[in-house]
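Input: a single structure, listed below in structure tokens.
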Amino acid sequence: MKVIAMPVGELAANCYIVYCENTRKAAIIDPGADGQSILNSIQYEGLNVEHILLTHGHFDHIGAVKFLKEQLGARVAIHSDDAQALTDASRNLSFLMGGYMVQVPPDVLLQEGDIIAVGDITMKVLHTPGHSEGSVCFVVDSPVKAVFTGDTLFQGSIGRSDFPGGSYEKLMSSIRDKLLVFDDDYTIYPGHGPRSTIGAERAANPFIRYYVK
């Protein structure tokens, strides 16, 4: 598995291009902006993108969905609880930035436990509400151990829970019950900022150290 990380947009949200080296099949996770730059990387690598996967529906993570859907024909997938955010500026919070963002309706409504195949790579969907009602993480157990955490868990921090649909209690429960169950060597690919590991966050993340007993 190869991962290309691209901070995009004004809020530097991390877009990830995840691909299978054997088949060149790929998924884009959270294309928040800069669609042409994302497309250029895909074309340079010669990838066949089958999935556009969204960890949640906030504007800084979905801004290039329509463009890439039109260019690549990939299937757009988001959890059912955040699905309306793709076509509703009040739900995707773009109205807070003085904009009106509308993308395209999803092709796939994700649920807990769904499996997504990207060539030889298998991703499992974890429903991790708290930052938004429909926040999810994508877990890869092989050939590497990785979790794409969106805005649920960052290096040294956690996602905001003060937006509509957010809940601090649900967020921390998601981290405790869904993410901290993984071994320390799982790499975390967050929605903003540098990557980390489950072990590093278990040991040093102040929110986890305070909340998780």
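Lettering and numbering for the structure tokens are positional, with chains as A, B, ... in the shown order, residues counted from 1 in each chain, and ligands counted from 1 in the shown order.
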Looking only at alpha helix (DSSP H) from DSSP on the backbone, list the matching residues of region 7-210 of chain A as JSON, numbers by chain. {"A": [35, 36, 37, 38, 39, 40, 41, 42, 43, 44, 45, 59, 60, 61, 62, 65, 66, 67, 68, 69, 70, 71, 72, 89, 90, 91, 92, 168, 169, 170, 171, 172, 173, 174, 198, 199, 200, 201, 202, 203, 204, 206, 207, 208, 209, 210]}
Put those residues in a file: N, CA and C atoms, as a short mmCIF file (atom, residue, chain, number, x, y, z; two decimals), in the first residue's frame.
```cif
data_model
loop_
_atom_site.label_atom_id
_atom_site.label_comp_id
_atom_site.auth_asym_id
_atom_site.auth_seq_id
_atom_site.Cartn_x
_atom_site.Cartn_y
_atom_site.Cartn_z
N GLY A 35 -8.78 20.29 -6.57
CA GLY A 35 -9.08 19.08 -7.33
C GLY A 35 -8.11 18.82 -8.47
N GLN A 36 -7.67 19.87 -9.16
CA GLN A 36 -6.76 19.66 -10.28
C GLN A 36 -5.41 19.12 -9.82
N SER A 37 -4.93 19.59 -8.68
CA SER A 37 -3.66 19.08 -8.14
C SER A 37 -3.79 17.60 -7.77
N ILE A 38 -4.93 17.25 -7.18
CA ILE A 38 -5.16 15.84 -6.84
C ILE A 38 -5.20 15.01 -8.12
N LEU A 39 -5.91 15.50 -9.12
CA LEU A 39 -6.01 14.79 -10.39
C LEU A 39 -4.64 14.64 -11.05
N ASN A 40 -3.82 15.69 -10.98
CA ASN A 40 -2.48 15.62 -11.56
C ASN A 40 -1.65 14.51 -10.92
N SER A 41 -1.74 14.37 -9.60
CA SER A 41 -1.00 13.32 -8.90
C SER A 41 -1.48 11.94 -9.32
N ILE A 42 -2.78 11.80 -9.47
CA ILE A 42 -3.36 10.52 -9.88
C ILE A 42 -2.89 10.15 -11.28
N GLN A 43 -2.91 11.11 -12.18
CA GLN A 43 -2.50 10.85 -13.55
C GLN A 43 -1.00 10.57 -13.64
N TYR A 44 -0.21 11.28 -12.85
CA TYR A 44 1.24 11.07 -12.85
C TYR A 44 1.58 9.65 -12.41
N GLU A 45 0.85 9.14 -11.42
CA GLU A 45 1.10 7.79 -10.90
C GLU A 45 0.44 6.71 -11.75
N PHE A 59 -17.04 20.99 4.88
CA PHE A 59 -16.64 21.57 3.60
C PHE A 59 -15.16 21.39 3.28
N ASP A 60 -14.30 21.45 4.29
CA ASP A 60 -12.87 21.38 4.02
C ASP A 60 -12.40 19.97 3.68
N HIS A 61 -13.33 19.00 3.73
CA HIS A 61 -12.99 17.63 3.37
C HIS A 61 -13.72 17.15 2.12
N ILE A 62 -14.63 17.95 1.58
CA ILE A 62 -15.44 17.49 0.45
C ILE A 62 -15.39 18.42 -0.76
N VAL A 65 -15.02 17.01 -4.42
CA VAL A 65 -15.72 15.77 -4.72
C VAL A 65 -16.36 15.81 -6.10
N LYS A 66 -17.11 16.85 -6.38
CA LYS A 66 -17.84 16.94 -7.66
C LYS A 66 -16.86 16.92 -8.84
N PHE A 67 -15.82 17.72 -8.75
CA PHE A 67 -14.83 17.79 -9.83
C PHE A 67 -14.21 16.42 -10.08
N LEU A 68 -13.77 15.75 -9.03
CA LEU A 68 -13.11 14.46 -9.20
C LEU A 68 -14.07 13.36 -9.62
N LYS A 69 -15.30 13.43 -9.15
CA LYS A 69 -16.32 12.49 -9.61
C LYS A 69 -16.52 12.62 -11.12
N GLU A 70 -16.60 13.85 -11.59
CA GLU A 70 -16.80 14.08 -13.02
C GLU A 70 -15.60 13.64 -13.84
N GLN A 71 -14.40 13.85 -13.30
CA GLN A 71 -13.19 13.52 -14.05
C GLN A 71 -12.87 12.02 -14.04
N LEU A 72 -13.19 11.35 -12.95
CA LEU A 72 -12.74 9.98 -12.76
C LEU A 72 -13.85 8.94 -12.76
N ALA A 89 -25.41 23.33 2.33
CA ALA A 89 -24.35 24.21 2.84
C ALA A 89 -24.43 24.41 4.34
N SER A 90 -25.60 24.31 4.92
CA SER A 90 -25.71 24.47 6.37
C SER A 90 -25.14 23.25 7.08
N ARG A 91 -25.25 22.08 6.48
CA ARG A 91 -24.73 20.88 7.10
C ARG A 91 -23.23 20.70 6.88
N ASN A 92 -22.73 21.15 5.72
CA ASN A 92 -21.29 21.01 5.50
C ASN A 92 -20.50 22.20 6.04
N TYR A 168 -18.73 15.91 22.58
CA TYR A 168 -17.45 15.56 23.18
C TYR A 168 -17.49 14.15 23.77
N GLU A 169 -18.59 13.82 24.41
CA GLU A 169 -18.69 12.49 25.02
C GLU A 169 -18.64 11.40 23.96
N LYS A 170 -19.35 11.60 22.85
CA LYS A 170 -19.32 10.60 21.78
C LYS A 170 -17.94 10.53 21.14
N LEU A 171 -17.30 11.68 20.96
CA LEU A 171 -15.97 11.72 20.36
C LEU A 171 -14.98 10.91 21.19
N MET A 172 -14.97 11.16 22.49
CA MET A 172 -14.03 10.45 23.34
C MET A 172 -14.36 8.97 23.45
N SER A 173 -15.64 8.65 23.44
CA SER A 173 -16.02 7.24 23.44
C SER A 173 -15.58 6.54 22.16
N SER A 174 -15.69 7.26 21.03
CA SER A 174 -15.23 6.69 19.76
C SER A 174 -13.74 6.42 19.79
N ILE A 198 -0.93 4.98 17.00
CA ILE A 198 -1.81 4.74 18.14
C ILE A 198 -1.00 4.76 19.44
N GLY A 199 0.17 4.16 19.43
CA GLY A 199 1.00 4.12 20.62
C GLY A 199 1.41 5.49 21.10
N ALA A 200 1.81 6.35 20.16
CA ALA A 200 2.24 7.70 20.53
C ALA A 200 1.08 8.49 21.13
N GLU A 201 -0.11 8.34 20.56
CA GLU A 201 -1.26 9.08 21.09
C GLU A 201 -1.72 8.50 22.42
N ARG A 202 -1.64 7.20 22.58
CA ARG A 202 -2.01 6.58 23.85
C ARG A 202 -1.10 7.10 24.97
N ALA A 203 0.17 7.32 24.63
CA ALA A 203 1.15 7.70 25.64
C ALA A 203 1.17 9.20 25.93
N ALA A 204 0.91 10.03 24.91
CA ALA A 204 1.21 11.45 25.08
C ALA A 204 0.07 12.40 24.73
N PRO A 206 -2.78 14.60 25.32
CA PRO A 206 -3.31 15.04 26.62
C PRO A 206 -4.80 14.77 26.78
N PHE A 207 -5.55 14.79 25.70
CA PHE A 207 -6.99 14.52 25.80
C PHE A 207 -7.23 13.06 26.18
N ILE A 208 -6.43 12.18 25.61
CA ILE A 208 -6.56 10.77 25.93
C ILE A 208 -6.09 10.49 27.36
N ARG A 209 -4.98 11.07 27.74
CA ARG A 209 -4.43 10.83 29.08
C ARG A 209 -5.39 11.33 30.16
N TYR A 210 -6.12 12.41 29.87
CA TYR A 210 -7.05 12.96 30.84
C TYR A 210 -8.34 12.16 30.90
#
```
Backbone DSSP call of strand (DSSP E) for chain A, listed as a ChimeraX atom specification: /A:2-8,13-19,25-29,48-53,75-79,108-110,115-118,121-127,136-140,146-150,153-154,157-158,187-190,196-197
Near region 73-77 of chain A, counting only C-alpha atoms, which residues have an atom at most 7 Å away, once you skip same-chain residues fewer than 5 positions from it, shown as a list in words? Val49, Glu50, His51, Ile52, Leu53, Leu54, Pro106, Asp107, Val108, Leu109 and Leu110 of chain A
Near Ala12 (chain A), counting only C-alpha atoms, which residues have an atom at most 9 Å away, once you skip same-chain residues fewer than 6 positions from it, shown as a ChimeraX atom specification? /A:6,32,60,191-193
Now that the selection is made, can you save its residues with C-alpha atoms as a compact mmCIF listing (two decimals), in the first residue's frame?
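Done, and the output landed in selection_33.txt:
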```txt
# COMPACT_ATOMS: atom_id res chain seq x y z
CA MET A 6 -1.71 16.26 0.16
CA GLY A 32 -11.28 18.89 0.33
CA ASP A 60 -12.87 21.38 4.02
CA GLY A 191 -7.53 14.88 8.71
CA HIS A 192 -5.13 17.71 9.60
CA GLY A 193 -1.49 17.79 10.61
```
Point-to-point distance in Å for CA of Lys124 (chain A) and CA of Leu153 (chain A):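 About the pair CA of Leu153 (chain A) and CA of Lys124 (chain A): they are 17.0 Å apart.
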Could you pull the residues within 9 Å of region 16-24 of chain A, counting only C-alpha atoms, minus those fewer than 2 positions along the same chain, as number ranges by chain? A: 1-7, 14, 26-31, 38, 41-42, 45-49, 118-121, 148, 189
Produce a file of the selected residues containing C-alpha atoms, as a compact mmCIF listing (two decimals), in the first residue's frame.
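That gives us part25.txt:
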```txt
# COMPACT_ATOMS: atom_id res chain seq x y z
CA MET A 1 0.00 0.00 0.00
CA LYS A 2 1.23 3.45 -0.91
CA VAL A 3 -0.15 6.67 0.56
CA ILE A 4 0.23 10.13 -0.98
CA ALA A 5 -0.66 12.87 1.51
CA MET A 6 -1.71 16.26 0.16
CA PRO A 7 -2.72 19.16 2.45
CA ASN A 14 -5.20 16.22 4.46
CA ALA A 26 -6.75 3.64 -5.80
CA ALA A 27 -9.06 5.49 -3.44
CA ILE A 28 -9.09 9.19 -2.64
CA ILE A 29 -9.84 10.01 0.99
CA ASP A 30 -11.20 13.51 1.79
CA PRO A 31 -10.54 15.57 -1.36
CA ILE A 38 -5.16 15.84 -6.84
CA SER A 41 -1.00 13.32 -8.90
CA ILE A 42 -3.36 10.52 -9.88
CA GLU A 45 1.10 7.79 -10.90
CA GLY A 46 -1.10 6.14 -13.52
CA LEU A 47 -3.81 5.18 -11.04
CA ASN A 48 -7.32 3.85 -11.53
CA VAL A 49 -9.45 5.54 -8.86
CA VAL A 118 -8.80 -1.12 -3.22
CA GLY A 119 -6.98 -3.65 -5.36
CA ASP A 120 -5.31 -6.00 -2.88
CA ILE A 121 -5.97 -3.60 0.01
CA PHE A 148 -7.31 7.15 8.46
CA TYR A 189 -3.29 9.38 9.08
```
Which is closer to Thr128 (chain A) than all the others in A:Pro105, A:Pro164, A:Gly113, A:Pro194, using only C-alpha atoms?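 Once distances to Thr128 (chain A) are computed over only C-alpha atoms, the minimum belongs to A:Gly113.
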Please determine, counting only C-alpha atoms, which residue among A:Thr187, A:Ser161, A:Gln111, A:Ser94 has the shortest atom-to-atom distance to Val140 (chain A).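 Closest candidate: A:Thr187.
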Which is closest to Gly156 (chain A) among A:Gly134, A:Thr197, A:Val125, A:Leu179, if we use only C-alpha atoms? A:Thr197
Selected residue, from A:Asn205, A:Gln103, A:Ser196, A:Ser135, that lies nearest to Asp88 (chain A) when counting only C-alpha atoms: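 The answer is A:Gln103, which sits nearest to Asp88 (chain A).
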Atom pair CA of His127 (chain A) / CA of Ser157 (chain A): separation (Å):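 CA of Ser157 (chain A) lies at a distance of 19.1 Å from CA of His127 (chain A).
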